[in-house]
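K.L.:
Before I ask anything, let me first share the structure, which is written out below as structure tokens.
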Amino acid sequence: MSGLASESVSASTPAVRHRLAERGIDPQLFLLVPATVFVVALFIYPFCYGIAVSLQPAQGGALAAYRAFFTDAYQRDTITTTLAIALPAALFNVFAAVPIAYRMRGRFRGKRLLTTVLVVPITLGTVLTAEGLLNFLGPTGWFNRILLSTHLVDQPVTLTHNYWGVCLSLVITGFPFAFLLVLSYLSGIDPTLERAAATLGAGWAQRFFRITLPLLAPGLATTFCLTFVLAFSVFPSAILVGDPTGGTRVISIAAYEAAYVRYDYAAASATAIVMGAVELVVISIVLGLRSLFYTGSTAGGKG
Amino acid sequence: MTGFETLRLDGVTRRFGGADALAGLDLEIRRGEFIALLGPSGCGKSTALNCLAGLLPLSGGSIWRDGTRLDTLPPERRGFGMVFQNYALFPHMSVRKNVSFGLRMRGLPRAEIRRRTDDAIRLVHLEEHAGKLPGQLSGGQQQRVAIARAVVVEPSLVLMDEPLSNLDAKLRLEMRTEIRRLHQNLGLTTVYVTHDQEEALSMADRLVVLRAGRVQQIGSPEEVHTRPANRHVADFLGFRNLLPGALLADGEININDLGVRTKGTPVGPISDGDAIVAAIRPEDVLVRSGGVEVTVEVAAYHGREIAAEARTADGLHLHLRTSQRLAPGDKVSVVLPPDRLLVFPA
Ligand SMILES: Nc1ncnc2c1ncn2[C@@H]1O[C@H](COP(=O)(O)OP(=O)(O)O)[C@@H](O)[C@H]1O
Ligand SMILES: [Mg+2]
């Protein structure tokens with residue numbers, strides 16, 4: 001009896017799965033339910049809630065908070081301020097990572113040590129980085145002391161509490177990300193492609209610009225997006241090593257002030273939504289450009 | 001990039017971490033020759049080819065093109081074409097772009113690039129596929145692109161590293177003739193690496209047999225096939241019966257466990273009383289009366305022939321191929337013809 005029962009179960013299980021598969025349903029995908037619930041509860045719901053709050057200001061119509069943001073130059077300019085910091089920092093991180101990762105793509109003695117040294121700043125965190133920058137690059141830090149003692153400058157160079165401080169901080173924390181990503185994209189490119197190019201008469205520059213770079217470009221676009229998002233939401237370093245009331249009054253500071261200084265939640269939410277929209281625009285442009293490149297396999301043929 | 005009369009490898013050596021991957025390769029390649037580097041996996045064939053191409057620096061020795069020293073030049077200045085085992089096609093370029101790459105690197109006029117690219121694509125019958133990306137082609141088509149890309153620049157030497165090893169058996173046979181035909185029609189000089197003895201014998205003018213980084217024999221396919229220089233070459237070239245024994249007086253040999261004395265053809269220095277290895281191909285073992293009694297143990301069908309494994313009364317295993325229909329348990333008599341039985345020092 002029991003043998004018969006288990007037989008009929010095992011006979012029907014593949015059949016059910018088969019029927020579901022014919023309708024394009026993979027039962028194993030139900031394993032994604034917890035993750036989906038998590039994302040909905042912790043991201044989609046707050047996001048929609050934020051939109052709803054931003055559309056219900058204390059005074060004026062539904063769009064009053066947005067109108068207020070865009071008509072007030074003090075608020076509106078935070079967009080360009082943030083972009084002026086985040087875009088160059090992200091670009092620099094990506095383009096500085098390329099030559100270093102390119103030199104390090106092969107196998108050599110000490111690669112692990114060198115990678116560790118380059119990646120360690122990830123573990124520092126923004127606050128520690130800011131503290132280090134203030135100590136080392138401040139008006140009485142060793143950098144300025146060396147410059148002054150060698151008479152290269154008469155006045156200390158101001159590298160903290162301004163634009164440059166924030167940029168440096170973003171480079172220090174963002175570069176390791178960019179470097180690790182670029183290195184892994186590079187190691188996915190078949191090294192025999194460059195060797196083939198060499199036997200066809202291509203020098204190193206032609207090999208890099210015609211073979212490696214085009215195959216790396218989609219990866220660079222992705223890397224840029226990630227480091228840009230990191231840089232765009234800069235908050236601690238803009239306050240600690242920047243000039244939070246002037247040159248580095250970034251958009252997250254505007255949102256913070258609206259929420260916790262003026263207690264205007266509609267304005268704060270509207271600012272946050274604007275921030276997300278700007279990021280989305282930049283990322284869409286970059287990913288649009290990315291699709292112009294070849295994005296398929298980077299192997300040289302049948303392995 | 002012009003042709004040469006001879007390309008000379010002079011003690012070319014390459015070490016990896018203390019171990020010799022290639023030890024003292026001496027070879028003279030004449031213009032128009034088809035040379036096969038033959039040997040088992042790991043014997044240093046690719047190393048030799050990469051040293052020639054300039055993709056690996058030498059640990060010792062030198063390479064000369066006529067009077068010019070070559071091994072100090074980077075690969076892009078040697079003017080050799082190379083076909084890689086995995087083809088190494090540029091995945092982001094169309095077939096046409098792949099083929100024209102070498103011409104573009106040489107900065108030739110656009111009209112000439114177009115004409116020569118078209119010719120090369122026609123040569124490998126890929127006209128309809130010229131606009132496709134490599135990922136959209138079959139293995140055999142990718143292979144043809146790789147060949148067209150290497151020969152379009154009219155290289156003074158074409159290097160091929162096991163170019164057929166990723167293809168199925170039928171395509172492999174077709175491509176063999178194709179490559180040989182291109183070599184003849186274009187007047188190429190080719191160095192071809194393979195571990196497949198049939199491929200090497202059927203395609204090459206001259207074979208270089210390698211083992212553990214050392215040259216074992218250089219010779220024409222016929223020389224290598226009929227007179228392997230030592231037992232290792234014999235083993236690699238299909239002498240499946242390697243029978244230990246000793247040389248007696250008057251050229252007679254005693255093969256252990258065979259039961260009778262026999263004669264063979266000595267290869268290399270051996271004197272009476274030395275331990276030897278007698279080698280014979282399965283197809284040279286004759287099933288004929290008046291020889292040694294053996295019992296068939298395994299018989300495998302190979303179309304017109306049966307490949308059988310048999311055993312003498314004393315327990316010596318013999319591989320043989322015959323058109324007779326043998327079955328396990330059959331008792332037959334076999335003869336080892338002296339001119340086919342090669343005798344090597346053990
Ligand atoms: N990059 C390398 N590092 C260390 N050893 C290598 C390297 N390339 C090849 N070898 C060694 O050299 C020997 C010959 O390799 P190779 O020329 O690739 O053989 P094959 O005849 O199969 O082409 C092998 O023993 C291999 O392990
Ligand atoms: Mg190899």
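Here, A, B, ... name the chains of the structure tokens in the order displayed, residue numbers run from 1 inside each chain, and ligands are numbered from 1 in the same displayed order.
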Give as a PyMOL selection string the residues surrounding ligand 2 up to a distance of 8 Å, considering only C-alpha atoms and all ligand atoms.

P.N.:
chain B and resi 41-42+44-47+85+161-162+193

K.L.:
Please return as a ChimeraX atom specification the residues found within 12 Å of ligand 1, counting only C-alpha atoms and all ligand atoms.

P.N.:
/A:106-108 /B:13-23,37-52,55-57,84-85,160-163,165,192-196,209-215

K.L.:
Would you put the residues from that selection into a file with N, CA and C atoms, as a compact mmCIF listing (two decimals), in the first residue's frame?

P.N.:
```txt
# COMPACT_ATOMS: atom_id res chain seq x y z
N GLY A 106 47.70 40.66 -14.61
CA GLY A 106 48.36 39.36 -14.71
C GLY A 106 48.65 38.78 -13.33
N ARG A 107 49.46 37.73 -13.33
CA ARG A 107 49.88 37.15 -12.06
C ARG A 107 51.28 37.65 -11.77
N PHE A 108 51.52 38.10 -10.55
CA PHE A 108 52.88 38.48 -10.20
C PHE A 108 53.03 38.36 -8.70
N THR B 13 65.49 27.70 -25.54
CA THR B 13 65.20 27.10 -24.24
C THR B 13 64.25 28.01 -23.49
N ARG B 14 63.30 27.39 -22.80
CA ARG B 14 62.39 28.17 -21.96
C ARG B 14 62.16 27.41 -20.66
N ARG B 15 62.45 28.09 -19.55
CA ARG B 15 62.25 27.48 -18.23
C ARG B 15 61.07 28.14 -17.54
N PHE B 16 60.30 27.33 -16.80
CA PHE B 16 59.26 27.87 -15.93
C PHE B 16 59.62 27.46 -14.51
N GLY B 17 60.04 28.40 -13.70
CA GLY B 17 60.34 28.10 -12.31
C GLY B 17 61.31 26.95 -12.14
N GLY B 18 62.40 26.94 -12.90
CA GLY B 18 63.42 25.91 -12.72
C GLY B 18 63.23 24.69 -13.59
N ALA B 19 61.99 24.43 -14.04
CA ALA B 19 61.77 23.25 -14.89
C ALA B 19 61.85 23.66 -16.36
N ASP B 20 62.57 22.85 -17.15
CA ASP B 20 62.68 23.15 -18.57
C ASP B 20 61.39 22.75 -19.29
N ALA B 21 60.64 23.74 -19.81
CA ALA B 21 59.47 23.41 -20.61
C ALA B 21 59.92 23.11 -22.04
N LEU B 22 61.04 23.72 -22.44
CA LEU B 22 61.61 23.50 -23.75
C LEU B 22 63.12 23.59 -23.59
N ALA B 23 63.84 22.56 -24.01
CA ALA B 23 65.28 22.52 -23.76
C ALA B 23 66.03 22.39 -25.08
N LEU B 37 54.97 20.28 -35.15
CA LEU B 37 55.55 19.95 -33.85
C LEU B 37 54.60 18.96 -33.21
N LEU B 38 55.10 17.76 -32.99
CA LEU B 38 54.23 16.68 -32.52
C LEU B 38 54.72 16.20 -31.17
N GLY B 39 53.77 15.91 -30.28
CA GLY B 39 54.16 15.38 -28.98
C GLY B 39 52.96 15.32 -28.07
N PRO B 40 53.08 14.58 -26.98
CA PRO B 40 51.95 14.48 -26.05
C PRO B 40 51.71 15.80 -25.33
N SER B 41 50.58 15.92 -24.69
CA SER B 41 50.21 17.13 -23.96
C SER B 41 51.28 17.45 -22.91
N GLY B 42 51.68 18.71 -22.83
CA GLY B 42 52.64 19.12 -21.81
C GLY B 42 54.09 18.94 -22.23
N CYS B 43 54.35 18.60 -23.51
CA CYS B 43 55.73 18.32 -23.92
C CYS B 43 56.45 19.59 -24.35
N GLY B 44 55.74 20.74 -24.38
CA GLY B 44 56.39 21.99 -24.71
C GLY B 44 56.10 22.51 -26.10
N LYS B 45 55.09 21.99 -26.76
CA LYS B 45 54.78 22.44 -28.12
C LYS B 45 54.33 23.89 -28.14
N SER B 46 53.35 24.21 -27.27
CA SER B 46 52.87 25.59 -27.23
C SER B 46 53.97 26.53 -26.80
N THR B 47 54.79 26.08 -25.87
CA THR B 47 55.91 26.90 -25.43
C THR B 47 56.81 27.23 -26.61
N ALA B 48 57.13 26.23 -27.43
CA ALA B 48 57.98 26.46 -28.59
C ALA B 48 57.33 27.48 -29.53
N LEU B 49 56.04 27.33 -29.76
CA LEU B 49 55.34 28.22 -30.69
C LEU B 49 55.30 29.65 -30.15
N ASN B 50 55.01 29.77 -28.84
CA ASN B 50 54.95 31.10 -28.24
C ASN B 50 56.31 31.77 -28.23
N CYS B 51 57.37 30.97 -28.08
CA CYS B 51 58.72 31.54 -28.16
C CYS B 51 58.98 32.07 -29.57
N LEU B 52 58.54 31.32 -30.56
CA LEU B 52 58.71 31.74 -31.95
C LEU B 52 57.92 33.03 -32.22
N LEU B 55 55.66 35.70 -27.89
CA LEU B 55 54.73 35.87 -26.77
C LEU B 55 55.35 35.39 -25.46
N LEU B 56 56.43 34.65 -25.56
CA LEU B 56 57.17 34.22 -24.38
C LEU B 56 58.63 34.58 -24.60
N PRO B 57 59.27 35.24 -23.63
CA PRO B 57 60.71 35.49 -23.78
C PRO B 57 61.49 34.19 -23.60
N PHE B 84 45.28 30.62 -32.78
CA PHE B 84 45.29 30.11 -31.41
C PHE B 84 44.33 28.94 -31.27
N GLN B 85 44.61 28.14 -30.23
CA GLN B 85 43.79 26.95 -30.00
C GLN B 85 42.34 27.33 -29.75
N MET B 160 50.42 27.73 -35.96
CA MET B 160 49.09 27.24 -35.57
C MET B 160 49.22 26.33 -34.36
N ASP B 161 48.47 26.64 -33.31
CA ASP B 161 48.54 25.86 -32.08
C ASP B 161 47.29 24.99 -31.95
N GLU B 162 47.40 23.73 -32.27
CA GLU B 162 46.29 22.76 -32.22
C GLU B 162 45.00 23.39 -32.73
N PRO B 163 45.00 23.90 -33.94
CA PRO B 163 43.82 24.65 -34.39
C PRO B 163 42.58 23.79 -34.58
N SER B 165 41.69 21.14 -32.57
CA SER B 165 41.36 20.27 -31.43
C SER B 165 39.98 20.53 -30.87
N TYR B 192 53.05 24.01 -37.37
CA TYR B 192 51.76 23.52 -36.94
C TYR B 192 51.95 22.62 -35.72
N VAL B 193 51.27 22.97 -34.63
CA VAL B 193 51.41 22.18 -33.40
C VAL B 193 50.24 21.24 -33.25
N THR B 194 50.52 19.98 -32.95
CA THR B 194 49.43 19.03 -32.73
C THR B 194 49.90 17.89 -31.84
N HIS B 195 48.93 17.25 -31.18
CA HIS B 195 49.27 16.04 -30.44
C HIS B 195 48.73 14.82 -31.19
N ASP B 196 48.17 15.07 -32.39
CA ASP B 196 47.51 14.01 -33.15
C ASP B 196 48.48 13.53 -34.23
N VAL B 209 59.38 15.74 -33.42
CA VAL B 209 58.72 15.04 -32.31
C VAL B 209 59.37 15.49 -31.01
N LEU B 210 58.53 15.97 -30.08
CA LEU B 210 59.01 16.48 -28.80
C LEU B 210 58.56 15.56 -27.68
N ARG B 211 59.39 15.49 -26.65
CA ARG B 211 58.97 14.78 -25.44
C ARG B 211 59.65 15.46 -24.28
N ALA B 212 58.85 15.85 -23.28
CA ALA B 212 59.36 16.52 -22.08
C ALA B 212 60.31 17.66 -22.44
N GLY B 213 59.94 18.46 -23.44
CA GLY B 213 60.71 19.64 -23.78
C GLY B 213 61.93 19.38 -24.65
N ARG B 214 62.20 18.13 -25.00
CA ARG B 214 63.38 17.81 -25.80
C ARG B 214 62.99 17.22 -27.14
N VAL B 215 63.76 17.58 -28.17
CA VAL B 215 63.50 17.03 -29.49
C VAL B 215 63.91 15.56 -29.51
```

K.L.:
Could you pull out all residues of range 101-148 of chain A with a DSSP call of helix (DSSP H, G or I) and give them as a PyMOL selection string?

P.N.:
chain A and resi 101-103+111-119+121-137+142-148

K.L.:
Any chance you can output those residues with N, CA, C and O atoms as a tab-separated table (two decimals), in the first residue's frame?

P.N.:
```tsv
chain	number	residue	atom	x	y	z
A	101	ALA	N	44.59	48.84	-12.43
A	101	ALA	CA	44.09	47.47	-12.57
A	101	ALA	C	44.69	46.82	-13.81
A	101	ALA	O	44.99	45.62	-13.82
A	102	TYR	N	44.89	47.60	-14.87
A	102	TYR	CA	45.44	47.04	-16.11
A	102	TYR	C	46.85	46.52	-15.88
A	102	TYR	O	47.22	45.45	-16.34
A	103	ARG	N	47.64	47.30	-15.13
A	103	ARG	CA	48.99	46.83	-14.82
A	103	ARG	C	48.96	45.60	-13.93
A	103	ARG	O	49.87	44.78	-13.95
A	111	LYS	N	50.97	40.34	-5.55
A	111	LYS	CA	49.71	40.91	-6.03
A	111	LYS	C	48.69	41.03	-4.90
A	111	LYS	O	48.01	42.03	-4.77
A	112	ARG	N	48.65	39.98	-4.07
A	112	ARG	CA	47.65	39.99	-3.01
A	112	ARG	C	47.92	41.13	-2.03
A	112	ARG	O	47.00	41.85	-1.63
A	113	LEU	N	49.19	41.31	-1.70
A	113	LEU	CA	49.55	42.37	-0.75
A	113	LEU	C	49.18	43.74	-1.32
A	113	LEU	O	48.56	44.57	-0.65
A	114	LEU	N	49.53	43.94	-2.59
A	114	LEU	CA	49.27	45.23	-3.23
A	114	LEU	C	47.77	45.50	-3.29
A	114	LEU	O	47.30	46.61	-3.00
A	115	THR	N	46.99	44.46	-3.64
A	115	THR	CA	45.54	44.61	-3.69
A	115	THR	C	45.01	44.98	-2.32
A	115	THR	O	44.18	45.89	-2.19
A	116	THR	N	45.51	44.32	-1.29
A	116	THR	CA	45.04	44.60	0.07
A	116	THR	C	45.31	46.06	0.43
A	116	THR	O	44.44	46.76	0.94
A	117	VAL	N	46.53	46.52	0.13
A	117	VAL	CA	46.88	47.90	0.46
A	117	VAL	C	45.94	48.87	-0.26
A	117	VAL	O	45.46	49.85	0.33
A	118	LEU	N	45.62	48.56	-1.53
A	118	LEU	CA	44.77	49.48	-2.29
A	118	LEU	C	43.33	49.45	-1.79
A	118	LEU	O	42.59	50.41	-1.96
A	119	VAL	N	42.92	48.34	-1.20
A	119	VAL	CA	41.52	48.17	-0.85
A	119	VAL	C	41.23	48.54	0.60
A	119	VAL	O	40.09	48.84	0.95
A	121	PRO	N	41.35	51.21	2.39
A	121	PRO	CA	40.52	52.39	2.70
A	121	PRO	C	39.03	52.11	2.78
A	121	PRO	O	38.31	52.85	3.46
A	122	ILE	N	38.55	51.03	2.14
A	122	ILE	CA	37.13	50.69	2.25
A	122	ILE	C	36.75	50.51	3.71
A	122	ILE	O	35.68	50.91	4.15
A	123	THR	N	37.68	49.91	4.47
A	123	THR	CA	37.34	49.57	5.85
A	123	THR	C	37.40	50.78	6.77
A	123	THR	O	36.98	50.69	7.92
A	124	LEU	N	37.96	51.90	6.30
A	124	LEU	CA	38.15	53.03	7.20
A	124	LEU	C	36.84	53.71	7.57
A	124	LEU	O	36.66	54.13	8.71
A	125	GLY	N	35.94	53.82	6.60
A	125	GLY	CA	34.71	54.55	6.87
A	125	GLY	C	34.94	56.04	6.69
A	125	GLY	O	36.06	56.54	6.80
A	126	THR	N	33.86	56.76	6.42
A	126	THR	CA	33.98	58.19	6.08
A	126	THR	C	34.51	59.02	7.22
A	126	THR	O	35.30	59.93	7.01
A	127	VAL	N	34.08	58.70	8.44
A	127	VAL	CA	34.44	59.57	9.57
A	127	VAL	C	35.94	59.51	9.84
A	127	VAL	O	36.61	60.52	9.99
A	128	LEU	N	36.46	58.26	9.83
A	128	LEU	CA	37.90	58.10	10.07
A	128	LEU	C	38.70	58.79	8.96
A	128	LEU	O	39.72	59.44	9.21
A	129	THR	N	38.22	58.61	7.72
A	129	THR	CA	38.90	59.26	6.60
A	129	THR	C	38.91	60.77	6.78
A	129	THR	O	39.93	61.43	6.58
A	130	ALA	N	37.75	61.30	7.18
A	130	ALA	CA	37.66	62.75	7.37
A	130	ALA	C	38.64	63.21	8.44
A	130	ALA	O	39.34	64.22	8.27
A	131	GLU	N	38.70	62.45	9.53
A	131	GLU	CA	39.61	62.81	10.61
A	131	GLU	C	41.05	62.83	10.12
A	131	GLU	O	41.82	63.75	10.40
A	132	GLY	N	41.41	61.78	9.35
A	132	GLY	CA	42.75	61.70	8.81
A	132	GLY	C	43.04	62.88	7.90
A	132	GLY	O	44.10	63.52	7.99
A	133	LEU	N	42.09	63.20	7.03
A	133	LEU	CA	42.28	64.32	6.10
A	133	LEU	C	42.52	65.61	6.87
A	133	LEU	O	43.39	66.40	6.53
A	134	LEU	N	41.69	65.83	7.94
A	134	LEU	CA	41.82	67.07	8.71
A	134	LEU	C	43.21	67.14	9.34
A	134	LEU	O	43.84	68.19	9.36
A	135	ASN	N	43.70	65.99	9.85
A	135	ASN	CA	45.01	65.99	10.50
A	135	ASN	C	46.14	66.18	9.50
A	135	ASN	O	47.08	66.93	9.75
A	136	PHE	N	46.05	65.49	8.39
A	136	PHE	CA	47.20	65.49	7.47
A	136	PHE	C	47.19	66.69	6.53
A	136	PHE	O	48.22	67.24	6.21
A	137	LEU	N	46.01	67.06	6.05
A	137	LEU	CA	45.97	68.10	5.02
A	137	LEU	C	45.52	69.45	5.57
A	137	LEU	O	45.44	70.41	4.83
A	142	TRP	N	50.89	67.78	8.22
A	142	TRP	CA	52.26	67.59	7.72
A	142	TRP	C	52.39	68.01	6.26
A	142	TRP	O	53.44	68.47	5.83
A	143	PHE	N	51.32	67.88	5.50
A	143	PHE	CA	51.41	68.23	4.09
A	143	PHE	C	51.79	69.70	3.93
A	143	PHE	O	52.72	70.06	3.21
A	144	ASN	N	51.03	70.55	4.64
A	144	ASN	CA	51.32	71.98	4.55
A	144	ASN	C	52.64	72.34	5.20
A	144	ASN	O	53.34	73.23	4.73
A	145	ARG	N	52.97	71.60	6.27
A	145	ARG	CA	54.25	71.91	6.92
A	145	ARG	C	55.42	71.62	5.98
A	145	ARG	O	56.38	72.37	5.92
A	146	ILE	N	55.31	70.52	5.26
A	146	ILE	CA	56.38	70.21	4.30
A	146	ILE	C	56.45	71.27	3.22
A	146	ILE	O	57.52	71.80	2.88
A	147	LEU	N	55.26	71.64	2.68
A	147	LEU	CA	55.24	72.66	1.63
A	147	LEU	C	55.86	73.96	2.14
A	147	LEU	O	56.63	74.61	1.43
A	148	LEU	N	55.50	74.32	3.38
A	148	LEU	CA	56.00	75.58	3.92
A	148	LEU	C	57.50	75.51	4.19
A	148	LEU	O	58.24	76.43	3.87
```

K.L.:
Would you mind listing, as a list in words, all residues of chain B that have at least one atom within 8 Å of chain A, where only C-alpha atoms are what counts?

P.N.:
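Every residue of chain B that passes the 8 Å test is in Ala53, Leu55, Pro75, Glu76, Arg77, Arg78, Gly79, Phe80, Gly81, Met82, Phe84, Asn86, Tyr87, Ala88, Leu89, Phe90, Pro91, His92, Phe101, Gly102, Met105, Arg106, Pro134, Gly135, Gly139, Gln142, Ala150, Val153 and Asn166 of chain B.
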
K.L.:
Just give me the gap between CA of Ala146 in chain B and CA of Asp71 in chain B in Å, one decimal is fine.

P.N.:
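Going from CA of Ala146 in chain B over to CA of Asp71 in chain B covers 24.4 Å.
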